[in-house]
$ cat structure_9.txt   # compact mmCIF, C-alpha atoms
# COMPACT_ATOMS: atom_id res chain seq x y z
CA ILE A 1 12.50 12.10 11.21
CA VAL A 2 15.88 10.55 10.36
CA ALA A 3 17.48 14.00 10.21
CA ARG A 4 16.50 14.55 13.85
CA ILE A 5 16.74 10.98 15.14
CA SER A 6 19.57 9.16 13.42
CA CYS A 7 18.94 5.79 15.07
CA VAL A 8 15.72 5.18 13.11
CA ILE A 9 16.23 1.95 11.18
CA GLY A 10 12.85 1.46 9.56
CA THR A 11 9.20 2.27 9.33
CA LYS A 12 5.81 0.74 9.92
CA THR A 13 2.94 1.91 7.76
CA VAL A 14 -0.75 1.10 7.98
CA GLY A 15 -3.63 0.89 5.55
CA ASP A 16 -3.25 1.12 1.80
CA ASN A 17 0.37 2.12 1.94
CA THR A 18 1.72 1.28 -1.50
CA GLY A 19 2.28 4.95 -2.36
CA GLU A 20 3.92 5.60 1.00
CA MET A 21 6.20 2.61 0.48
CA ALA A 22 7.35 3.87 -2.92
CA ALA A 23 8.14 7.29 -1.43
CA LEU A 24 9.96 5.81 1.58
CA LEU A 25 12.09 3.58 -0.59
CA ARG A 26 13.19 6.53 -2.71
CA VAL A 27 14.33 8.35 0.43
CA ARG A 28 15.62 5.44 2.54
CA PRO A 29 16.16 2.29 0.44
CA SER A 30 18.38 0.70 3.12
CA HIS A 31 15.74 0.89 5.87
CA SER A 32 13.42 -1.94 6.82
CA HIS A 33 9.82 -1.19 5.95
CA PHE A 34 6.99 -3.18 7.54
CA VAL A 35 3.46 -3.12 6.22
CA ALA A 36 -0.04 -4.40 6.96
CA GLU A 37 -0.98 -7.78 5.54
CA CYS A 38 -3.80 -6.48 3.32
CA HIS A 39 -1.18 -4.78 1.10
CA LEU A 40 1.75 -7.08 1.73
CA VAL A 41 2.23 -8.36 -1.83
CA GLU A 42 2.18 -4.94 -3.53
CA CYS A 43 4.56 -3.55 -0.93
CA ALA A 44 6.83 -6.60 -1.06
CA LYS A 45 7.22 -5.94 -4.77
CA LEU A 46 8.49 -2.50 -3.70
CA ASP A 47 10.91 -4.19 -1.26
CA ALA A 48 8.98 -4.19 2.01
CA ARG A 49 10.97 -6.31 4.44
CA GLY A 50 8.08 -7.85 6.32
CA ASN A 51 4.79 -7.22 7.99
CA TYR A 52 3.18 -6.95 11.38
CA SER A 53 0.19 -9.16 11.66
CA ALA A 54 -2.52 -10.15 14.07
CA LEU A 55 -3.20 -12.85 11.51
CA ALA A 56 -0.15 -14.65 12.89
CA GLY A 57 -2.33 -15.25 15.96
CA ILE A 58 -4.54 -17.46 13.84
CA SER A 59 -1.60 -19.27 12.25
CA LEU A 60 2.06 -18.33 12.30
CA ARG A 61 2.70 -21.19 9.87
CA TYR A 62 0.24 -19.63 7.38
CA MET A 63 2.08 -16.31 7.58
CA LYS A 64 5.49 -17.96 7.19
CA GLU A 65 4.27 -19.88 4.13
CA TRP A 66 2.98 -16.62 2.65
CA TRP A 67 6.29 -14.89 3.23
CA ASP A 68 8.10 -17.86 1.63
CA MET A 69 5.92 -17.33 -1.48
CA ILE A 70 7.01 -13.71 -1.54
CA GLU A 71 10.70 -14.53 -1.09
CA ARG A 72 10.44 -17.03 -3.98
CA ARG A 73 8.74 -14.28 -5.97
CA ASP A 74 5.77 -16.57 -6.55
CA TRP A 75 3.55 -13.55 -7.08
CA THR A 76 0.61 -15.59 -8.34
CA ALA A 77 0.34 -17.73 -5.19
CA ALA A 78 1.14 -14.79 -2.90
CA SER A 79 -1.51 -12.63 -4.58
CA GLN A 80 -4.11 -15.39 -4.27
CA ARG A 81 -3.38 -15.61 -0.56
CA GLN A 82 -3.65 -11.84 -0.25
CA LEU A 83 -7.10 -11.90 -1.87
CA ALA A 84 -8.20 -14.47 0.71
CA VAL A 85 -6.76 -12.36 3.53
CA ARG A 86 -8.55 -9.26 2.26
CA ALA A 87 -11.85 -11.16 2.08
CA PHE A 88 -11.33 -12.40 5.64
CA TYR A 89 -10.63 -8.87 6.85
CA LYS A 90 -13.64 -7.44 5.06
CA GLU A 91 -16.02 -10.01 6.49
CA GLY A 92 -14.44 -10.77 9.85
CA VAL A 93 -12.32 -7.84 10.99
CA VAL A 94 -13.92 -4.71 9.54
CA PRO A 95 -17.18 -5.26 11.47
CA MET A 96 -15.18 -5.25 14.71
CA ARG A 97 -13.33 -2.10 13.71
CA GLU A 98 -16.56 -0.41 12.69
CA GLY A 99 -18.04 -1.44 16.03
CA GLY A 100 -15.33 0.59 17.73
CA TYR A 101 -13.37 -2.31 19.20
CA ILE A 102 -9.68 -1.65 19.78
CA ALA A 103 -6.85 -3.52 18.08
CA GLY A 104 -6.27 -5.51 21.27
CA ALA A 105 -9.79 -6.94 21.17
CA ILE A 106 -9.34 -7.85 17.50
CA ASP A 107 -5.88 -9.33 18.06
CA LYS A 108 -7.04 -11.43 21.02
CA SER A 109 -9.99 -12.68 18.98
CA MET A 110 -7.66 -13.82 16.21
CA ALA A 111 -5.34 -15.50 18.71
CA SER A 112 -8.33 -17.30 20.23
CA ILE A 113 -9.36 -18.54 16.79
CA GLY A 114 -5.81 -19.83 16.37
CA GLY A 115 -6.05 -21.80 19.60
CA ALA A 116 -4.08 -19.55 21.95
CA LYS A 117 -4.52 -20.27 25.62
CA GLY A 118 -6.19 -17.68 27.77
CA SER A 119 -9.08 -15.35 27.39
CA ARG A 120 -10.00 -13.38 24.29
CA LEU A 121 -11.40 -10.67 26.54
CA VAL A 122 -9.63 -7.36 27.04
CA ARG A 123 -9.47 -5.52 30.34
CA PRO A 124 -11.77 -2.66 31.25
CA PRO A 125 -12.26 0.10 30.40
CA TYR A 126 -11.98 -1.33 26.89
CA PRO A 127 -14.85 -3.43 25.59
CA SER A 128 -14.21 -6.94 24.34
CA ALA A 129 -15.66 -7.96 21.01
CA PRO A 130 -19.10 -9.45 21.54
CA ASP A 131 -19.72 -13.13 20.86
CA ARG A 132 -21.67 -12.44 17.65
CA LEU A 133 -18.71 -10.54 16.11
CA PHE A 134 -16.25 -13.15 17.35
CA ARG A 135 -18.32 -15.91 15.74
CA ARG A 136 -18.49 -13.87 12.53
CA MET A 137 -14.69 -13.54 12.52
CA ARG A 138 -14.21 -17.26 13.19
CA THR A 139 -16.65 -18.15 10.39
CA ALA A 140 -14.82 -15.82 7.99
CA ALA A 141 -11.48 -17.38 8.95
CA ARG A 142 -12.82 -20.86 8.24
CA LYS A 143 -14.33 -19.69 4.95
CA TYR A 144 -11.42 -17.68 3.54
CA LEU A 145 -8.36 -19.05 5.32
CA PRO A 146 -8.90 -22.83 5.47
CA GLU A 147 -5.15 -23.47 5.14
CA ALA A 148 -4.62 -21.42 8.29
CA MET A 149 -7.28 -23.30 10.17
CA THR A 150 -5.85 -26.80 9.78
CA ALA A 151 -4.20 -26.71 13.20
CA SER A 152 -6.93 -24.64 14.83
CA PRO A 153 -10.12 -25.81 16.51
$ encode --input "structure_9.txt" --output "C-alpha cells"
Amino acid sequence: IVARISCVIGTKTVGDNTGEMAALLRVRPSHSHFVAECHLVECAKLDARGNYSALAGISLRYMKEWWDMIERRDWTAASQRQLAVRAFYKEGVVPMREGGYIAGAIDKSMASIGGAKGSRLVRPPYPSAPDRLFRRMRTAARKYLPEAMTASP
C-alpha cells in the first residue's frame, strides 16, 4: 500500500493481530500501529502505538490508566487488565456480535453503560441490540470491569 500511497502513516488491525503486528513492524517500524483492545498488551510489547476502543465509551479513564500501565511497562498489571477485558468481551460483546448486531449498536451500548447522554439505539435499517443483550453486557461490565464502572450508573 505504501508503495502506491506514500501518505500512509500507520495501520489499524483487528482481531488476534499479534502476527500481523510483528510483520508490519519489520516492514514499517516508524509507522503508528493501532490494535484492538483484546490484544493490546501483546501488541504493545511489539511497539503498537495505541488502540481504538469502544471500551472508552464505558470509561475513558479506565483506558487511559491501562495505557499508562503499558507505557510504564508494568506488564503484570496491564496483562491482568487485558484478561478482564477479554472476559468482558466474551460474556458481554460476543453475544451481540453473534446476534448480528453492527459495531454501532455495540459501541452505543457501551457508551450507554458508561453514562453517555442520548439513546443507545441505532437508526434503521440497522437493528439495535435488544434489552436482554444490553443487560447482559452491562452485567458483564460490572462483573469484569468494576474499576471502569466507578463513575458509571
$ residues_around --input "structure_9.txt" --residues "A:His31" --least-positions-apart "2" --cutoff "12 Å" --atoms "only C-alpha atoms" --output "PDB file with C-alpha atoms, keeping the file's coordinate frame"
ATOM      1  CA  VAL A   2      15.880  10.550  10.360  1.00  0.00           C
ATOM      2  CA  SER A   6      19.570   9.160  13.420  1.00  0.00           C
ATOM      3  CA  CYS A   7      18.940   5.790  15.070  1.00  0.00           C
ATOM      4  CA  VAL A   8      15.720   5.180  13.110  1.00  0.00           C
ATOM      5  CA  ILE A   9      16.230   1.950  11.180  1.00  0.00           C
ATOM      6  CA  GLY A  10      12.850   1.460   9.560  1.00  0.00           C
ATOM      7  CA  THR A  11       9.200   2.270   9.330  1.00  0.00           C
ATOM      8  CA  LYS A  12       5.810   0.740   9.920  1.00  0.00           C
ATOM      9  CA  MET A  21       6.200   2.610   0.480  1.00  0.00           C
ATOM     10  CA  LEU A  24       9.960   5.810   1.580  1.00  0.00           C
ATOM     11  CA  LEU A  25      12.090   3.580  -0.590  1.00  0.00           C
ATOM     12  CA  ARG A  26      13.190   6.530  -2.710  1.00  0.00           C
ATOM     13  CA  VAL A  27      14.330   8.350   0.430  1.00  0.00           C
ATOM     14  CA  ARG A  28      15.620   5.440   2.540  1.00  0.00           C
ATOM     15  CA  PRO A  29      16.160   2.290   0.440  1.00  0.00           C
ATOM     16  CA  HIS A  33       9.820  -1.190   5.950  1.00  0.00           C
ATOM     17  CA  PHE A  34       6.990  -3.180   7.540  1.00  0.00           C
ATOM     18  CA  ASP A  47      10.910  -4.190  -1.260  1.00  0.00           C
ATOM     19  CA  ALA A  48       8.980  -4.190   2.010  1.00  0.00           C
ATOM     20  CA  ARG A  49      10.970  -6.310   4.440  1.00  0.00           C
ATOM     21  CA  GLY A  50       8.080  -7.850   6.320  1.00  0.00           C
TER      22      GLY A  50
END
$ closest_residue --input "structure_9.txt" --among "A:Ala3, A:Ile113, A:Ala36, A:Ala77" --to "A:Arg142" --atoms "all atoms listed in the file"
A:Ile113
$ closest_residue --input "structure_9.txt" --among "A:Phe134, A:Val41, A:Glu147, A:Ala129" --to "A:Arg86" --atoms "all atoms listed in the file"
A:Val41
$ residues_around --input "structure_9.txt" --residues "stretch 98-103 of chain A" --least-positions-apart "6" --cutoff "9 Å" --atoms "only C-alpha atoms" --output "list in words"
Ala54, Tyr126, Pro127, Ser128 and Ala129 of chain A
$ atom_distance --input "structure_9.txt" --atom1 "atom CA of A:Arg120" --atom2 "atom CA of A:Ala56"
15.1 Å
$ closest_residue --input "structure_9.txt" --among "A:Glu71, A:Lys64, A:Thr150, A:Met137" --to "A:Ala111" --atoms "only C-alpha atoms"
A:Met137
$ atom_distance --input "structure_9.txt" --atom1 "atom CA of A:Gly118" --atom2 "atom CA of A:Val94"
23.7 Å
$ residues_near_point --input "structure_9.txt" --point "(0.8, -16.3, 7.0)" --cutoff "10 Å" --atoms "only C-alpha atoms" --output "PyMOL selection string"
chain A and resi 37+51+53-69+81-82+85+145+147-148
$ closest_residue --input "structure_9.txt" --among "A:Ser79, A:Arg72, A:Gly19, A:Thr139" --to "A:Leu40" --atoms "all atoms listed in the file"
A:Ser79
$ atom_distance --input "structure_9.txt" --atom1 "atom CA of A:Pro124" --atom2 "atom CA of A:Val35"
29.3 Å
$ closest_residue --input "structure_9.txt" --among "A:Arg123, A:Arg73, A:Lys117, A:Arg136" --to "A:Tyr89" --atoms "all atoms listed in the file"
A:Arg136
$ closest_residue --input "structure_9.txt" --among "A:Glu42, A:Ser32, A:Lys143, A:Leu133" --to "A:Arg97" --atoms "all atoms listed in the file"
A:Leu133
$ residues_around --input "structure_9.txt" --residues "A:Gly104" --least-positions-apart "3" --cutoff "7 Å" --atoms "all atoms listed in the file" --output "PyMOL selection string"
chain A and resi 107-108+122
$ decode --input "structure_9.txt" --residues "stretch 113-140 of chain A" --atoms "N, CA, C and O atoms" --output "CSV table (one decimal), in the first residue's frame"
chain,number,residue,atom,x,y,z
A,113,ILE,N,-23.7,2.3,28.8
A,113,ILE,CA,-23.2,1.8,30.1
A,113,ILE,C,-22.3,2.8,30.8
A,113,ILE,O,-22.4,2.9,32.0
A,114,GLY,N,-21.5,3.5,30.0
A,114,GLY,CA,-20.6,4.5,30.6
A,114,GLY,C,-21.3,5.8,31.0
A,114,GLY,O,-20.6,6.7,31.5
A,115,GLY,N,-22.6,5.9,30.7
A,115,GLY,CA,-23.3,7.1,31.2
A,115,GLY,C,-23.4,8.2,30.1
A,115,GLY,O,-23.8,9.3,30.4
A,116,ALA,N,-23.1,7.9,28.8
A,116,ALA,CA,-23.3,8.8,27.8
A,116,ALA,C,-24.7,9.3,27.6
A,116,ALA,O,-25.6,8.5,27.8
A,117,LYS,N,-24.9,10.5,27.3
A,117,LYS,CA,-26.3,11.1,27.1
A,117,LYS,C,-26.7,10.6,25.7
A,117,LYS,O,-26.0,10.3,24.8
A,118,GLY,N,-28.0,10.5,25.6
A,118,GLY,CA,-28.6,10.1,24.3
A,118,GLY,C,-29.0,8.6,24.3
A,118,GLY,O,-28.9,7.9,25.3
A,119,SER,N,-29.5,8.2,23.2
A,119,SER,CA,-30.0,6.9,23.0
A,119,SER,C,-29.0,5.9,22.7
A,119,SER,O,-28.0,6.2,22.0
A,120,ARG,N,-29.2,4.7,23.1
A,120,ARG,CA,-28.3,3.6,22.7
A,120,ARG,C,-28.8,2.9,21.4
A,120,ARG,O,-28.2,2.0,20.9
A,121,LEU,N,-29.9,3.4,20.9
A,121,LEU,CA,-30.5,2.8,19.7
A,121,LEU,C,-29.8,3.3,18.4
A,121,LEU,O,-29.4,4.5,18.4
A,122,VAL,N,-29.7,2.4,17.5
A,122,VAL,CA,-29.1,2.9,16.2
A,122,VAL,C,-30.3,3.1,15.2
A,122,VAL,O,-31.4,2.6,15.5
A,123,ARG,N,-30.1,3.8,14.1
A,123,ARG,CA,-31.1,4.1,13.2
A,123,ARG,C,-31.4,3.0,12.2
A,123,ARG,O,-30.5,2.3,11.8
A,124,PRO,N,-32.6,2.9,11.8
A,124,PRO,CA,-33.0,1.9,10.8
A,124,PRO,C,-32.2,2.2,9.5
A,124,PRO,O,-31.9,3.4,9.3
A,125,PRO,N,-31.9,1.2,8.8
A,125,PRO,CA,-32.4,-0.2,8.8
A,125,PRO,C,-31.6,-1.1,9.7
A,125,PRO,O,-31.9,-2.3,9.7
A,126,TYR,N,-30.7,-0.6,10.5
A,126,TYR,CA,-29.9,-1.4,11.4
A,126,TYR,C,-30.6,-1.7,12.7
A,126,TYR,O,-31.2,-0.8,13.3
A,127,PRO,N,-30.6,-2.9,13.2
A,127,PRO,CA,-31.3,-3.3,14.4
A,127,PRO,C,-30.4,-2.9,15.6
A,127,PRO,O,-29.2,-3.0,15.6
A,128,SER,N,-31.1,-2.3,16.6
A,128,SER,CA,-30.4,-2.0,17.9
A,128,SER,C,-30.3,-3.3,18.7
A,128,SER,O,-31.1,-4.2,18.5
A,129,ALA,N,-29.3,-3.4,19.6
A,129,ALA,CA,-29.2,-4.6,20.4
A,129,ALA,C,-30.4,-4.6,21.3
A,129,ALA,O,-30.9,-3.6,21.9
A,130,PRO,N,-31.0,-5.8,21.5
A,130,PRO,CA,-32.2,-5.9,22.3
A,130,PRO,C,-31.8,-5.7,23.8
A,130,PRO,O,-30.7,-5.9,24.2
A,131,ASP,N,-32.8,-5.4,24.6
A,131,ASP,CA,-32.6,-5.2,26.0
A,131,ASP,C,-31.9,-6.3,26.7
A,131,ASP,O,-31.0,-6.1,27.5
A,132,ARG,N,-32.3,-7.6,26.4
A,132,ARG,CA,-31.6,-8.7,27.1
A,132,ARG,C,-30.1,-8.7,26.8
A,132,ARG,O,-29.4,-9.0,27.8
A,133,LEU,N,-29.7,-8.4,25.6
A,133,LEU,CA,-28.2,-8.4,25.3
A,133,LEU,C,-27.6,-7.2,26.0
A,133,LEU,O,-26.4,-7.3,26.4
A,134,PHE,N,-28.3,-6.1,26.0
A,134,PHE,CA,-27.7,-4.9,26.6
A,134,PHE,C,-27.5,-5.2,28.1
A,134,PHE,O,-26.5,-4.9,28.7
A,135,ARG,N,-28.5,-5.7,28.7
A,135,ARG,CA,-28.4,-6.1,30.2
A,135,ARG,C,-27.3,-7.0,30.4
A,135,ARG,O,-26.5,-6.9,31.4
A,136,ARG,N,-27.1,-8.0,29.5
A,136,ARG,CA,-26.0,-9.0,29.7
A,136,ARG,C,-24.7,-8.2,29.6
A,136,ARG,O,-23.8,-8.5,30.3
A,137,MET,N,-24.5,-7.3,28.6
A,137,MET,CA,-23.3,-6.5,28.5
A,137,MET,C,-23.1,-5.7,29.8
A,137,MET,O,-21.9,-5.7,30.3
A,138,ARG,N,-24.1,-5.0,30.3
A,138,ARG,CA,-23.9,-4.2,31.5
A,138,ARG,C,-23.5,-5.1,32.7
A,138,ARG,O,-22.6,-4.7,33.4
A,139,THR,N,-24.1,-6.2,32.8
A,139,THR,CA,-23.8,-7.1,33.9
A,139,THR,C,-22.3,-7.6,33.8
A,139,THR,O,-21.6,-7.6,34.8
A,140,ALA,N,-21.9,-7.9,32.6
A,140,ALA,CA,-20.5,-8.3,32.3
A,140,ALA,C,-19.5,-7.2,32.7
A,140,ALA,O,-18.5,-7.4,33.2
